[in-house]
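Inspection log for the structure reproduced underneath, given as structure tokens.
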Amino acid sequence: MRPVIRLVAILYLAALLAACTRVQTGQSGGRHGWSQPNIARVVLFLEPSSLNPILSTSTGEVMVDTMIFDPLVTVDDKGNDVPVLAAQVPTLENGGISKDGLTLTYKLRKNVKWHDGASFTADDVKFSWQAVMNPANNVQSRKGFDVVQAVDTPDAYTVVFHMKRPYAPAIETLFSESDSPYRVLPKHLLSKYPNINRIPFNSQPVGTGPFKFVKWVRGDRIEMVTNPDYFLGKPKLKRVIWKVIPDSNTQDAQMRSHEVDLVPELGGPQYRDLRNHPDISIVLSNSPQYEAIGINMSRPFMNDLKVRRALAYAIDKRRVADDTQFGTATLATEDLPTYMWAYNPKVVRYDYDPKKAAQTLDGDGWKLAPDGVREKNGQRLSLQFSIAQGSAAASAISVIVQSQLKAVGIETQIKQYNYTLLYASVANGGIYQSGKFDINIYAWVSGADPDDSSQFMCDYIPPKGNNAFRFCDRGYDTQQNIALTHFDRATRKQAYARAQAIMAEQIPEVFLFYRKQIAALSPDLRGYAPNGITETWNAYRWSI
């Protein structure tokens, strides 16, 4: 989920996020009769587990949180770092980043109030870091935050992060747009708790953001009203209603009937069904996200590299992309997309070859039984295939992949889970985080920086991070550490190239395609300008 030549200079977003396409088929001009003036009705694809921004586990929760809370720094739709709670973005040039990269100094805005009227200060930032690092709190990842040695607050509007070692993606990680984009919390309301996992605040949040929380009707909606004193300017919308609609067909139906104004994060089948509607605008944005078949390497069959290779050869990525994304996706090699400066085009590739998949399994001792499913030592090669319930895209992908694996003798049992359970933390029994799957359909939105350490390094296996695949390779970790501790792009690029090569050989996931960020919206909704990471980053500018 973010750099531009700061601590580590990453200008790729300026090219990629600027590539935003708006397909508008409806008439322009005045507001249509179906719109409610100054009210935005937005689809939320899952029931949140919490509205506490450091406990979020999904992009849906982050979208909601970002309307209520603020980061220190965000990224705009052109890929530029933008200060939010910070008065300016720390850089080497302005002295915010020390020459050795071990000290980061943020000057904070002085006109910020929490929704209850209390003043925002540096103490809130320090407390928020402490909350992330508190082992009693069920945060999904501490990546980057765990590189901070200490936080000082020399005055009410200055906060200083002292790093254990240089950390290239720091500015885009610490309360910014990383792959775990946390927002700043109010110390005066939360410091009294030994942990913040189950407290009233998590369902009645108080932030500094452009909208104030009103109520949460579980299973139905979350309501917000404008924060007239918002420090970046009074929001143009008076109200926002998040409608909890997990089923993609219902989302489409309500978009067509104008019961909602925005459906973010459309899947491919939804794009196909809505793109030619005369009264719906479609926005496609480049985004650092991929779709893959994730592999749980801790499971008995999946820890066999030959079985993973067979999976890779057995899956026809081109057909999956063509049949489910309808021209909006690019075929993937590893997790870093082709437009990113750290992308390595020379990794081992597994082109669709079912014959080679079968030969690989034969050579590994997996023989076809009379029913067409392979067996070895009395065990059937049968895998639990976990997907999201209500997702037309996930269903379409799973059916295709299931058929392709069956053709080489691999049986899969598709099991659907609701989004909330699928992406929940280990403490809350999350399917992915707890490793309760053999393979899955895994969609990931990364950051502006190519830092993918929380997904694949040994130290970030849940509950310590997002490495749901239980992938652990010390050679890979070595290259990641080089990339994370050096600021010059040439060194980082070489390290990431080696890391991707190792991952391609070990196959913790079969990367299918790089996705566009797609949204369907009413032509009356103005100001929607996704940055490819967090769609609501500029919600205070939206209007109807």
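Chain labels run A, B, ... following the order of the structure tokens; each chain numbers its residues from 1, and ligands are numbered from 1 in the order shown.
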
Members of segment 157-369 of chain A assigned strand (DSSP E) by DSSP, as a VMD selection string: chain A and resid 158 to 163 211 to 217 221 to 226 239 to 244 262 to 263 281 to 295 330 to 331 367 to 368

Prev. selection, C-alpha atoms, output as an mmCIF file, in the first residue's frame:
```
data_model
loop_
_atom_site.group_PDB
_atom_site.id
_atom_site.type_symbol
_atom_site.label_atom_id
_atom_site.label_comp_id
_atom_site.auth_asym_id
_atom_site.auth_seq_id
_atom_site.Cartn_x
_atom_site.Cartn_y
_atom_site.Cartn_z
ATOM 1 C CA THR A 158 7.471 17.065 16.989
ATOM 2 C CA VAL A 159 7.881 13.300 16.987
ATOM 3 C CA VAL A 160 11.213 11.552 16.423
ATOM 4 C CA PHE A 161 11.573 7.885 15.446
ATOM 5 C CA HIS A 162 14.935 6.360 16.343
ATOM 6 C CA MET A 163 15.587 3.341 14.146
ATOM 7 C CA PHE A 211 -15.986 12.069 8.964
ATOM 8 C CA LYS A 212 -17.314 11.316 12.422
ATOM 9 C CA PHE A 213 -18.695 7.932 13.361
ATOM 10 C CA VAL A 214 -22.449 7.869 14.074
ATOM 11 C CA LYS A 215 -23.524 4.232 14.349
ATOM 12 C CA TRP A 216 -22.814 0.687 13.252
ATOM 13 C CA VAL A 217 -25.785 -1.555 12.569
ATOM 14 C CA ARG A 221 -24.488 -0.439 7.587
ATOM 15 C CA ILE A 222 -22.049 2.012 9.119
ATOM 16 C CA GLU A 223 -23.071 5.674 9.207
ATOM 17 C CA MET A 224 -20.860 8.762 9.355
ATOM 18 C CA VAL A 225 -21.394 12.517 9.295
ATOM 19 C CA THR A 226 -19.080 15.272 8.166
ATOM 20 C CA ARG A 239 -23.087 11.974 5.296
ATOM 21 C CA VAL A 240 -21.535 8.661 4.258
ATOM 22 C CA ILE A 241 -23.391 5.362 4.568
ATOM 23 C CA TRP A 242 -21.375 2.172 4.180
ATOM 24 C CA LYS A 243 -23.724 -0.642 3.183
ATOM 25 C CA VAL A 244 -22.461 -4.083 4.152
ATOM 26 C CA LEU A 262 -19.970 3.540 -5.256
ATOM 27 C CA VAL A 263 -18.838 -0.079 -5.434
ATOM 28 C CA SER A 281 -19.076 5.183 -14.513
ATOM 29 C CA ILE A 282 -16.193 2.716 -14.298
ATOM 30 C CA VAL A 283 -12.783 3.759 -12.972
ATOM 31 C CA LEU A 284 -9.749 1.519 -13.606
ATOM 32 C CA SER A 285 -6.509 2.371 -11.838
ATOM 33 C CA ASN A 286 -3.105 0.768 -11.824
ATOM 34 C CA SER A 287 -2.457 -0.699 -8.421
ATOM 35 C CA PRO A 288 0.277 -2.769 -6.768
ATOM 36 C CA GLN A 289 -1.946 -5.806 -6.340
ATOM 37 C CA TYR A 290 -1.975 -9.381 -7.506
ATOM 38 C CA GLU A 291 -4.218 -12.444 -7.517
ATOM 39 C CA ALA A 292 -2.667 -15.829 -6.834
ATOM 40 C CA ILE A 293 -3.206 -19.388 -5.771
ATOM 41 C CA GLY A 294 -1.678 -19.315 -2.315
ATOM 42 C CA ILE A 295 -0.011 -22.475 -1.021
ATOM 43 C CA THR A 330 -1.673 -8.605 -16.877
ATOM 44 C CA LEU A 331 -0.227 -12.091 -16.433
ATOM 45 C CA LYS A 367 0.284 -42.470 -9.295
ATOM 46 C CA LEU A 368 -3.157 -42.195 -10.845
#
```

Contacts of Ile315 of chain A at 8 Å (only C-alpha atoms; same-chain gap of 4+ positions) as a ChimeraX atom specification: /A:311,352,354,401,404-405

Resulting file, chosen residues, C-alpha atoms, as an mmCIF file, in the first residue's frame:
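Result saved to result29.cif:
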```
data_model
loop_
_atom_site.group_PDB
_atom_site.id
_atom_site.type_symbol
_atom_site.label_atom_id
_atom_site.label_comp_id
_atom_site.auth_asym_id
_atom_site.auth_seq_id
_atom_site.Cartn_x
_atom_site.Cartn_y
_atom_site.Cartn_z
ATOM 1 C CA LEU A 311 0.449 -27.094 -9.527
ATOM 2 C CA TYR A 352 0.977 -24.008 -18.839
ATOM 3 C CA PRO A 354 -0.291 -30.276 -18.055
ATOM 4 C CA VAL A 401 -8.392 -24.015 -11.433
ATOM 5 C CA GLN A 404 -7.243 -27.824 -14.509
ATOM 6 C CA LEU A 405 -5.869 -29.555 -11.425
#
```

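Nearest-residue note for Leu46 of chain A: choosing from A:Gly365, A:Gly447, A:Gly219, A:Pro90, the minimum distance belongs to A:Gly219, counting only C-alpha atoms.
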
Polymer residues at most 9 Å from segment 104-110 of chain A, only C-alpha atoms, same-chain spacing of 2 or more positions, as a PyMOL selection string: chain A and resi 72+84-91+95-98+101-102+112-113+119-122+156-163+170-171+231

Shell of 8 Å around segment 183-189 of chain A, only C-alpha atoms, local chain residues under 6 positions omitted, as number ranges by chain: A: 53-54, 65-66, 69-72, 114, 120, 123-125, 127-128, 175-176, 206-207

For the residues in the current selection, export C-alpha atoms as an mmCIF file, in the first residue's frame.
```
data_model
loop_
_atom_site.group_PDB
_atom_site.id
_atom_site.type_symbol
_atom_site.label_atom_id
_atom_site.label_comp_id
_atom_site.auth_asym_id
_atom_site.auth_seq_id
_atom_site.Cartn_x
_atom_site.Cartn_y
_atom_site.Cartn_z
ATOM 1 C CA PRO A 53 -7.401 1.102 12.522
ATOM 2 C CA ILE A 54 -4.461 -0.859 13.941
ATOM 3 C CA ASP A 65 -10.957 3.559 8.931
ATOM 4 C CA THR A 66 -9.379 6.154 6.629
ATOM 5 C CA PHE A 69 -8.747 8.430 11.177
ATOM 6 C CA ASP A 70 -5.670 9.944 9.543
ATOM 7 C CA PRO A 71 -2.153 8.786 8.664
ATOM 8 C CA LEU A 72 0.981 10.838 9.041
ATOM 9 C CA TRP A 114 -9.937 14.664 17.786
ATOM 10 C CA PHE A 120 -3.923 15.993 18.581
ATOM 11 C CA ASP A 123 1.973 11.967 22.303
ATOM 12 C CA ASP A 124 -0.751 10.373 20.171
ATOM 13 C CA VAL A 125 1.798 9.268 17.573
ATOM 14 C CA PHE A 127 1.237 6.015 21.890
ATOM 15 C CA SER A 128 0.061 4.616 18.549
ATOM 16 C CA PHE A 175 1.381 5.321 9.794
ATOM 17 C CA SER A 176 1.369 5.677 6.035
ATOM 18 C CA VAL A 206 -13.127 8.640 17.687
ATOM 19 C CA GLY A 207 -10.634 9.909 15.127
#
```

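In this model, the gap between atom CA of Asp477 of chain A and atom CA of Glu509 of chain A comes to 16.7 Å.
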
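What separates atom CA of Tyr540 of chain A from atom CA of Val64 of chain A is a distance of 12.8 Å.
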
Point-to-point distance in Å for atom CA of His32 of chain A and atom CA of Val260 of chain A: 13.1 Å

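Using only C-alpha atoms for every distance, the candidate list A:Cys472, A:Met457, A:Ala448, A:Ala314 yields A:Ala314 as the residue closest to Val510 of chain A.
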
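Candidate residues A:Asp100, A:Glu265, A:Glu411, A:Asp335 were compared for distance to Gly60 of chain A, and the nearest is A:Glu265, using only C-alpha atoms.
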